[in-house]
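Colleague: Here's a structure for you.
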Amino acid sequence: MTTPKTEAAQPVPVVLRLAEAFLTMLQRERNASEHTVRAYSREIRSFAEYLVELLGADADLRCVEHLHIRSYLAILYDRGLTKASAARALAAVRSWFKWLAKEGKVEQNPAILVSTPKLPRHLPRVPSIEEVNRVLDSLDNSENNAKRKTSGQEVAAAWPERDRVIFELLYGCGIRNAELVGLNADDIHWKNEAVLIRGKGKKERYVPLGDAAAQALQEYLPQRAIRLNAAGKGALVEAGPLLVNLQLRANCRLTTRSVGRIVKQIALSRGLPAEVHPHTLRHAFGTHMLEEGADLRAIQELLGHERLSTTQRYTQLTVSQVQQVYDDTHPRAK
């Protein structure tokens, strides 16, 4: 009896191997965040598969031209992707070819010849200082905020003291949602009145811990300790996740999705617009500090922006405010 022959495994195309090599480098050498690696993995693998389908399994990346990349973007548009999604895909492809050129796999980066899709500039409306203070002041009164949880989901004011901490740190420190949920209890440096933040690319920075945020934490942390101890997870009290979920499941860490839901529901219940989300409070942090006279570069440091131009997009000044700054500070305006 003859044994049926099995087909030999097909070799992985060079294009796909180089795509995986780039993604591995991102994770190991550049310390890119999980979100960045996940997004780049999706974009790079999709484009690499497109090249194999278009140019064949033995395709040489040195033959890739900017026209191939433009054609790929056209396919993305045909799939219904937005300009923002196409721009993200192009940014990933540019980074890949930049690395390929550095490694000597291609002579030049063809992606630099492809124009980035023009995106409409629309920052969310930033709540006024009075509006934000009204919400925070209302959260200070826990008796009026207690509500039950429904369907096992995190809801507004299910844990008033914790939810107040969420608002105080998002607005008081200007941190990102992911930075907030990534905080551990020992990241609060009480002696220095500062919070250790781990930002994009695992870069660390310290931001001041304001009095209001400190008070909110002091009211929340004892309750957190009681709940963790009761659940048999006392080892997490000193150095575990700062913000824990109600059910104390898994590692107990609250998710960015839950934070988004909590912020939106509390904002709506206090009369803020429906589009308010955690990042809105980050915008408000920068805008309100600028309105109150803070230096733009200081705001840049606090927000953890690598480029000042990014900070400028995050802060919004009205024409009248700009005119007032000019009148107050320019020598020829006096």
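Note on naming: chains are A, B, ... as they come in the structure tokens, residues start from 1 per chain, ligands start from 1 in the order shown.
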List the spatial neighbours of Arg282 (chain A) as a ChimeraX atom specification - criterion: any atom at most 9 Å away, only C-alpha atoms, same-chain residues fewer than 4 positions off excluded.
Modeller: /A:170-177,278,286-287,303,314
Colleague: Could you pull out all residues of region 9-230 of chain A with a DSSP call of strand (DSSP E) and give them as a list of chain:residue names?
Modeller: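 The strand (DSSP E) residues within region 9-230 of chain A come out as A:Ile188, A:His189, A:Ala194, A:Val195, A:Leu196, A:Ile197, A:Arg198, A:Glu204, A:Arg205, A:Tyr206, A:Val207, A:Pro208.
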Colleague: Any idea what the distance is between CA of Ile69 (chain A) and CA of Val114 (chain A)?
Modeller: 7.4 Å
Colleague: Once you count only C-alpha atoms, what closest atom pair and distance in Å to one decimal does each residue of region 50-148 of chain A within 12 Å of region 17-41 of chain A have, with rows by chain and rising residue number, as a Markdown table?
Modeller:
```
| residue | atom | partner | partner_atom | distance |
| --- | --- | --- | --- | --- |
| A:Leu51 | CA | A:Ala19 | CA | 11.2 |
| A:Val52 | CA | A:Arg17 | CA | 11.4 |
| A:Ala57 | CA | A:Arg17 | CA | 11.2 |
| A:Asp58 | CA | A:Arg17 | CA | 11.5 |
| A:Ala59 | CA | A:Leu18 | CA | 11.7 |
| A:Asp60 | CA | A:Leu18 | CA | 10.9 |
| A:Leu61 | CA | A:Leu18 | CA | 9.4 |
| A:Ser85 | CA | A:Ala39 | CA | 10.6 |
| A:Arg88 | CA | A:Ala39 | CA | 8.6 |
| A:Ala89 | CA | A:Tyr40 | CA | 7.9 |
| A:Leu90 | CA | A:Tyr40 | CA | 10.3 |
| A:Ala91 | CA | A:Tyr40 | CA | 9.0 |
| A:Ala92 | CA | A:Tyr40 | CA | 5.8 |
| A:Val93 | CA | A:Tyr40 | CA | 8.6 |
| A:Arg94 | CA | A:Tyr40 | CA | 10.9 |
| A:Ser95 | CA | A:Phe22 | CA | 9.2 |
| A:Trp96 | CA | A:Phe22 | CA | 6.6 |
| A:Phe97 | CA | A:Phe22 | CA | 9.5 |
| A:Lys98 | CA | A:Phe22 | CA | 10.3 |
| A:Trp99 | CA | A:Phe22 | CA | 7.4 |
| A:Leu100 | CA | A:Leu18 | CA | 8.2 |
| A:Ala101 | CA | A:Phe22 | CA | 11.7 |
| A:Lys102 | CA | A:Phe22 | CA | 11.4 |
| A:Glu103 | CA | A:Phe22 | CA | 10.2 |
| A:Gly104 | CA | A:Leu18 | CA | 11.8 |
| A:Lys105 | CA | A:Leu18 | CA | 9.0 |
| A:Val106 | CA | A:Leu18 | CA | 11.3 |
```
Colleague: Would you list the contacts of region 295-298 of chain A as a PyMOL selection string, taking every protein, DNA or RNA residue within 10 Å and counting only C-alpha atoms, but skipping same-chain residues closer than 3 positions in sequence?
Modeller: chain A and resi 286-287+289-292+301-305+307-308+311-312+315
Colleague: Could the residues in this selection be saved with C-alpha atoms as a PDB file, in the first residue's frame?
Modeller:
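File produced: again-v9.pdb:
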```pdb
ATOM      1  CA  GLY A 286      -5.025  72.292  27.306  1.00  0.00           C
ATOM      2  CA  THR A 287      -7.492  74.913  26.151  1.00  0.00           C
ATOM      3  CA  MET A 289      -4.753  76.337  30.713  1.00  0.00           C
ATOM      4  CA  LEU A 290      -3.959  78.395  27.629  1.00  0.00           C
ATOM      5  CA  GLU A 291      -6.921  80.656  28.308  1.00  0.00           C
ATOM      6  CA  GLU A 292      -5.616  81.217  31.814  1.00  0.00           C
ATOM      7  CA  GLU A 301       5.193  68.910  28.331  1.00  0.00           C
ATOM      8  CA  LEU A 302       2.128  68.193  30.430  1.00  0.00           C
ATOM      9  CA  LEU A 303       0.238  66.627  27.520  1.00  0.00           C
ATOM     10  CA  GLY A 304       3.250  64.559  26.507  1.00  0.00           C
ATOM     11  CA  HIS A 305       3.315  65.810  22.910  1.00  0.00           C
ATOM     12  CA  ARG A 307       5.751  68.219  18.609  1.00  0.00           C
ATOM     13  CA  LEU A 308       4.505  71.663  19.551  1.00  0.00           C
ATOM     14  CA  THR A 311      -0.313  70.890  21.107  1.00  0.00           C
ATOM     15  CA  GLN A 312      -1.477  73.824  18.997  1.00  0.00           C
ATOM     16  CA  THR A 315      -5.851  73.997  22.150  1.00  0.00           C
TER      17      THR A 315
END
```
Colleague: Tell me, which residues of region 4-188 of chain A carry DSSP helix (DSSP H, G or I), written as a ChimeraX atom specification?
Modeller: /A:14-28,34-55,61-63,66-78,83-102,110-113,129-139,142-144,160-173,177-181,185-187
Colleague: Using only C-alpha atoms, which residue out of A:Asp137, A:Val132, A:Arg70, A:Gly210 lies closest to His189 (chain A)?
Modeller: A:Gly210
Colleague: Which of these residues is nearest to Thr280 (chain A), using only C-alpha atoms: A:Leu81, A:Val126, A:Ala294, A:Leu113?
Modeller: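 Ranked by minimum distance to Thr280 (chain A), first place goes to A:Val126.
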Colleague: Need the shell around Thr255 (chain A): protein/DNA/RNA residues with any atom at most 8 Å away, counting only C-alpha atoms. Skip same-chain ones fewer than 2 positions apart. Format as a list in words?
Modeller: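 Here the qualifying residues turn out to be Val181, Asn245, Arg253, Arg257, Ser258 and Val259 of chain A.
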Colleague: Keeping all heavy atoms for every residue in the selection just given, could you write it to a file as a PDB file, in the first residue's frame?
Modeller:
```pdb
ATOM      1  N   VAL A 181      -6.166  54.420  32.451  1.00  0.00           N
ATOM      2  CA  VAL A 181      -6.427  53.044  32.880  1.00  0.00           C
ATOM      3  C   VAL A 181      -5.127  52.276  33.122  1.00  0.00           C
ATOM      4  O   VAL A 181      -5.129  51.252  33.808  1.00  0.00           O
ATOM      5  CB  VAL A 181      -7.316  52.297  31.859  1.00  0.00           C
ATOM      6  CG1 VAL A 181      -8.652  53.003  31.688  1.00  0.00           C
ATOM      7  CG2 VAL A 181      -6.617  52.155  30.513  1.00  0.00           C
ATOM      8  N   ASN A 245     -12.361  47.541  38.118  1.00  0.00           N
ATOM      9  CA  ASN A 245     -13.742  47.366  37.686  1.00  0.00           C
ATOM     10  C   ASN A 245     -14.612  46.898  38.853  1.00  0.00           C
ATOM     11  O   ASN A 245     -14.111  46.425  39.874  1.00  0.00           O
ATOM     12  CB  ASN A 245     -13.828  46.396  36.500  1.00  0.00           C
ATOM     13  CG  ASN A 245     -13.180  45.062  36.799  1.00  0.00           C
ATOM     14  OD1 ASN A 245     -13.534  44.374  37.756  1.00  0.00           O
ATOM     15  ND2 ASN A 245     -12.196  44.686  35.974  1.00  0.00           N
ATOM     16  N   ARG A 253      -8.404  45.568  36.316  1.00  0.00           N
ATOM     17  CA  ARG A 253      -8.182  46.876  35.706  1.00  0.00           C
ATOM     18  C   ARG A 253      -9.393  47.323  34.894  1.00  0.00           C
ATOM     19  O   ARG A 253      -9.927  46.565  34.087  1.00  0.00           O
ATOM     20  CB  ARG A 253      -6.938  46.852  34.818  1.00  0.00           C
ATOM     21  CG  ARG A 253      -6.442  48.244  34.409  1.00  0.00           C
ATOM     22  CD  ARG A 253      -5.171  48.159  33.571  1.00  0.00           C
ATOM     23  NE  ARG A 253      -4.058  47.590  34.297  1.00  0.00           N
ATOM     24  CZ  ARG A 253      -3.260  48.264  35.103  1.00  0.00           C
ATOM     25  NH1 ARG A 253      -3.476  49.566  35.303  1.00  0.00           N
ATOM     26  NH2 ARG A 253      -2.261  47.666  35.721  1.00  0.00           N
ATOM     27  N   ARG A 257     -12.857  51.311  27.353  1.00  0.00           N
ATOM     28  CA  ARG A 257     -14.259  51.346  26.915  1.00  0.00           C
ATOM     29  C   ARG A 257     -15.180  51.700  28.077  1.00  0.00           C
ATOM     30  O   ARG A 257     -16.125  52.489  27.917  1.00  0.00           O
ATOM     31  CB  ARG A 257     -14.658  49.999  26.318  1.00  0.00           C
ATOM     32  CG  ARG A 257     -16.106  49.935  25.846  1.00  0.00           C
ATOM     33  CD  ARG A 257     -16.385  48.681  25.056  1.00  0.00           C
ATOM     34  NE  ARG A 257     -15.645  48.657  23.807  1.00  0.00           N
ATOM     35  CZ  ARG A 257     -15.780  47.712  22.882  1.00  0.00           C
ATOM     36  NH1 ARG A 257     -16.629  46.715  23.064  1.00  0.00           N
ATOM     37  NH2 ARG A 257     -15.071  47.752  21.772  1.00  0.00           N
ATOM     38  N   SER A 258     -14.912  51.126  29.246  1.00  0.00           N
ATOM     39  CA  SER A 258     -15.740  51.441  30.422  1.00  0.00           C
ATOM     40  C   SER A 258     -15.585  52.901  30.818  1.00  0.00           C
ATOM     41  O   SER A 258     -16.564  53.568  31.171  1.00  0.00           O
ATOM     42  CB  SER A 258     -15.344  50.535  31.591  1.00  0.00           C
ATOM     43  OG  SER A 258     -15.738  49.196  31.352  1.00  0.00           O
ATOM     44  N   VAL A 259     -14.351  53.421  30.762  1.00  0.00           N
ATOM     45  CA  VAL A 259     -14.128  54.827  31.079  1.00  0.00           C
ATOM     46  C   VAL A 259     -14.907  55.717  30.112  1.00  0.00           C
ATOM     47  O   VAL A 259     -15.552  56.689  30.522  1.00  0.00           O
ATOM     48  CB  VAL A 259     -12.621  55.177  31.021  1.00  0.00           C
ATOM     49  CG1 VAL A 259     -12.415  56.690  31.098  1.00  0.00           C
ATOM     50  CG2 VAL A 259     -11.878  54.499  32.157  1.00  0.00           C
TER      51      VAL A 259
END
```
